[in-house]
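Here is the structure we will look at, set down as structure tokens.
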Amino acid sequence: MWQANSGKHVAINRGVSSANGYFFVVVDSDDWLSHSALERLLYHWETIPEENKENFAGVVGLYADPSGKVIGTIFPHSPLDSDAVEIRTRYRVMGDNFGMNRTDILKQFPFPEDLGKFVTEALVWNRIAKRYKLRFVNEIVAYKQYQSTGLTASSLSIRARSPRAARLYYQEYVSMDRRLPLGVILRNCANYVRFSLHERIGWREQVSAIPSKLAWTAAFPIGTALYWRDRAALCREAQT
């Protein structure tokens, strides 16, 4: 299956819409799977009690670099039943993970295609987290070698050029109907301000679009500083 470069999120949408299998995995150009990755992920899926499977979107394992060193943080215990938001905020797991998700659930949560060429996958994972859990396991199932020209390396430039997508991600994050640590709220609210400014959205519209005016007020100076730091970095990039 081939398509013109419209962004990874559009490619995922097309793949999901055409998929017939029970599970769906996303393999980036700098990823490769262990020999038994799919077998092991399916094994862990089958350990979920049958009556609970309808509440789970999939299974997530670990990435390693080419030397075999785990990328990011291992899970505090394994297996761990959580979701894409709680695993970051409560358990403070950092870094990329690799998993498989139920195709039928991904079909319910397509990526928006009108927000620019880059939409973070976390936008959809967070939406799924409102309704479904994931089983996290401390087992290396895939390997990743970050490219100097990849999305991770050029994250600022990409997000600044797709500010609508970045703003929507942070707007939804700070509007979640769940208790979040104060530091998480302020950090995400600062980024909400940051990308609102990239999109040239004024303070009145910013404040009216999120539930906590106090958090916005506290985060506004930091978000503004981040915006101006971005502008300076993008200017330097344009001159090289």
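A note on labels: chains of the structure tokens are A, B, ... as shown, every chain counts residues from 1, and ligands are counted from 1 in their shown order.
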
How close does segment 133-240 of chain A get to segment 123-128 of chain A? List, as JSON lines, each residue of segment 133-240 of chain A within 10 Å, its nearest atom pair and the distance in Å to one decimal, counting only C-alpha atoms.
{"residue": "A:Lys133", "atom": "CA", "partner": "A:Ile128", "partner_atom": "CA", "distance": 8.3}
{"residue": "A:Leu134", "atom": "CA", "partner": "A:Ile128", "partner_atom": "CA", "distance": 9.8}
{"residue": "A:Ala165", "atom": "CA", "partner": "A:Leu123", "partner_atom": "CA", "distance": 8.7}
{"residue": "A:Ala166", "atom": "CA", "partner": "A:Leu123", "partner_atom": "CA", "distance": 8.9}
{"residue": "A:Leu168", "atom": "CA", "partner": "A:Leu123", "partner_atom": "CA", "distance": 8.2}
{"residue": "A:Tyr169", "atom": "CA", "partner": "A:Leu123", "partner_atom": "CA", "distance": 5.5}
{"residue": "A:Tyr170", "atom": "CA", "partner": "A:Leu123", "partner_atom": "CA", "distance": 8.7}
{"residue": "A:Glu172", "atom": "CA", "partner": "A:Leu123", "partner_atom": "CA", "distance": 8.2}
{"residue": "A:Tyr173", "atom": "CA", "partner": "A:Asn126", "partner_atom": "CA", "distance": 7.9}
{"residue": "A:Met176", "atom": "CA", "partner": "A:Asn126", "partner_atom": "CA", "distance": 9.3}

Exercise. Got a sec: who's within 12 Å of Tyr43 of chain A, counting only C-alpha atoms, leaving out chain neighbours fewer than 3 positions off, as a ChimeraX atom specification?
Worked result: /A:36-40,46-48,58-61,79,100,135,137,139

Residues as selected, C-alpha atoms, written as an mmCIF file, in the first residue's frame, can you do that?
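And here's result-v9.cif as it stands now:
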data_model
loop_
_atom_site.group_PDB
_atom_site.id
_atom_site.type_symbol
_atom_site.label_atom_id
_atom_site.label_comp_id
_atom_site.auth_asym_id
_atom_site.auth_seq_id
_atom_site.Cartn_x
_atom_site.Cartn_y
_atom_site.Cartn_z
ATOM 1 C CA SER A 36 8.988 -13.379 18.529
ATOM 2 C CA ALA A 37 7.459 -9.908 19.038
ATOM 3 C CA LEU A 38 3.954 -10.619 17.793
ATOM 4 C CA GLU A 39 3.886 -14.041 19.429
ATOM 5 C CA ARG A 40 4.889 -12.560 22.794
ATOM 6 C CA GLU A 46 -4.190 -14.059 26.268
ATOM 7 C CA THR A 47 -3.266 -13.684 29.960
ATOM 8 C CA ILE A 48 -6.008 -11.065 30.324
ATOM 9 C CA GLY A 58 -3.969 -3.831 23.536
ATOM 10 C CA VAL A 59 -0.578 -4.780 24.947
ATOM 11 C CA VAL A 60 2.555 -2.617 25.170
ATOM 12 C CA GLY A 61 6.158 -3.781 25.567
ATOM 13 C CA PRO A 79 2.297 -7.013 33.895
ATOM 14 C CA MET A 100 -0.272 -3.663 19.405
ATOM 15 C CA ARG A 135 -1.474 -4.204 29.544
ATOM 16 C CA VAL A 137 4.904 -5.760 30.091
ATOM 17 C CA GLU A 139 9.701 -7.422 27.679
#

For this session: Determine the nearest neighbour of Lys144 of chain A from the options A:Glu86, A:Asp96, A:Asp81, A:Glu237, counting only C-alpha atoms.
Result: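 The answer is A:Asp96, which sits nearest to Lys144 of chain A.
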
For this session: Name all residues at most 12 Å from Ile185 of chain A (count only C-alpha atoms; drop same-chain ones fewer than 6 positions away) and give them as a PyMOL selection string.
Result: chain A and resi 89+170-176+178-179+191-192+210-216+218-219

Save out the residues we just selected, C-alpha atoms, as a PDB file, in the first residue's frame.
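The resulting result-v3.pdb:
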ATOM      1  CA  THR A  89       1.492  10.773  35.031  1.00  0.00           C
ATOM      2  CA  TYR A 170      -2.247  20.148  24.917  1.00  0.00           C
ATOM      3  CA  GLN A 171      -5.753  21.614  25.087  1.00  0.00           C
ATOM      4  CA  GLU A 172      -7.251  18.138  25.415  1.00  0.00           C
ATOM      5  CA  TYR A 173      -4.596  17.139  27.944  1.00  0.00           C
ATOM      6  CA  VAL A 174      -5.320  19.986  30.354  1.00  0.00           C
ATOM      7  CA  SER A 175      -9.072  19.470  29.869  1.00  0.00           C
ATOM      8  CA  MET A 176      -9.059  15.800  30.907  1.00  0.00           C
ATOM      9  CA  ARG A 178      -9.234  13.075  35.717  1.00  0.00           C
ATOM     10  CA  ARG A 179      -6.950  14.131  38.548  1.00  0.00           C
ATOM     11  CA  ASN A 191       2.787  24.181  26.078  1.00  0.00           C
ATOM     12  CA  TYR A 192      -0.864  24.948  25.313  1.00  0.00           C
ATOM     13  CA  ILE A 210      -9.728  25.245  28.806  1.00  0.00           C
ATOM     14  CA  PRO A 211     -11.381  24.608  32.189  1.00  0.00           C
ATOM     15  CA  SER A 212      -8.756  26.029  34.575  1.00  0.00           C
ATOM     16  CA  LYS A 213      -8.228  29.778  34.264  1.00  0.00           C
ATOM     17  CA  LEU A 214      -5.894  29.671  37.271  1.00  0.00           C
ATOM     18  CA  ALA A 215      -3.618  27.115  35.606  1.00  0.00           C
ATOM     19  CA  TRP A 216      -3.569  29.199  32.415  1.00  0.00           C
ATOM     20  CA  ALA A 218       0.195  30.503  36.186  1.00  0.00           C
ATOM     21  CA  ALA A 219       1.491  28.911  32.982  1.00  0.00           C
TER      22      ALA A 219
END

Seminar exercise, completed: re atom CA of Asn97 of chain A and atom CA of Ala84 of chain A: distance 10.5 Å
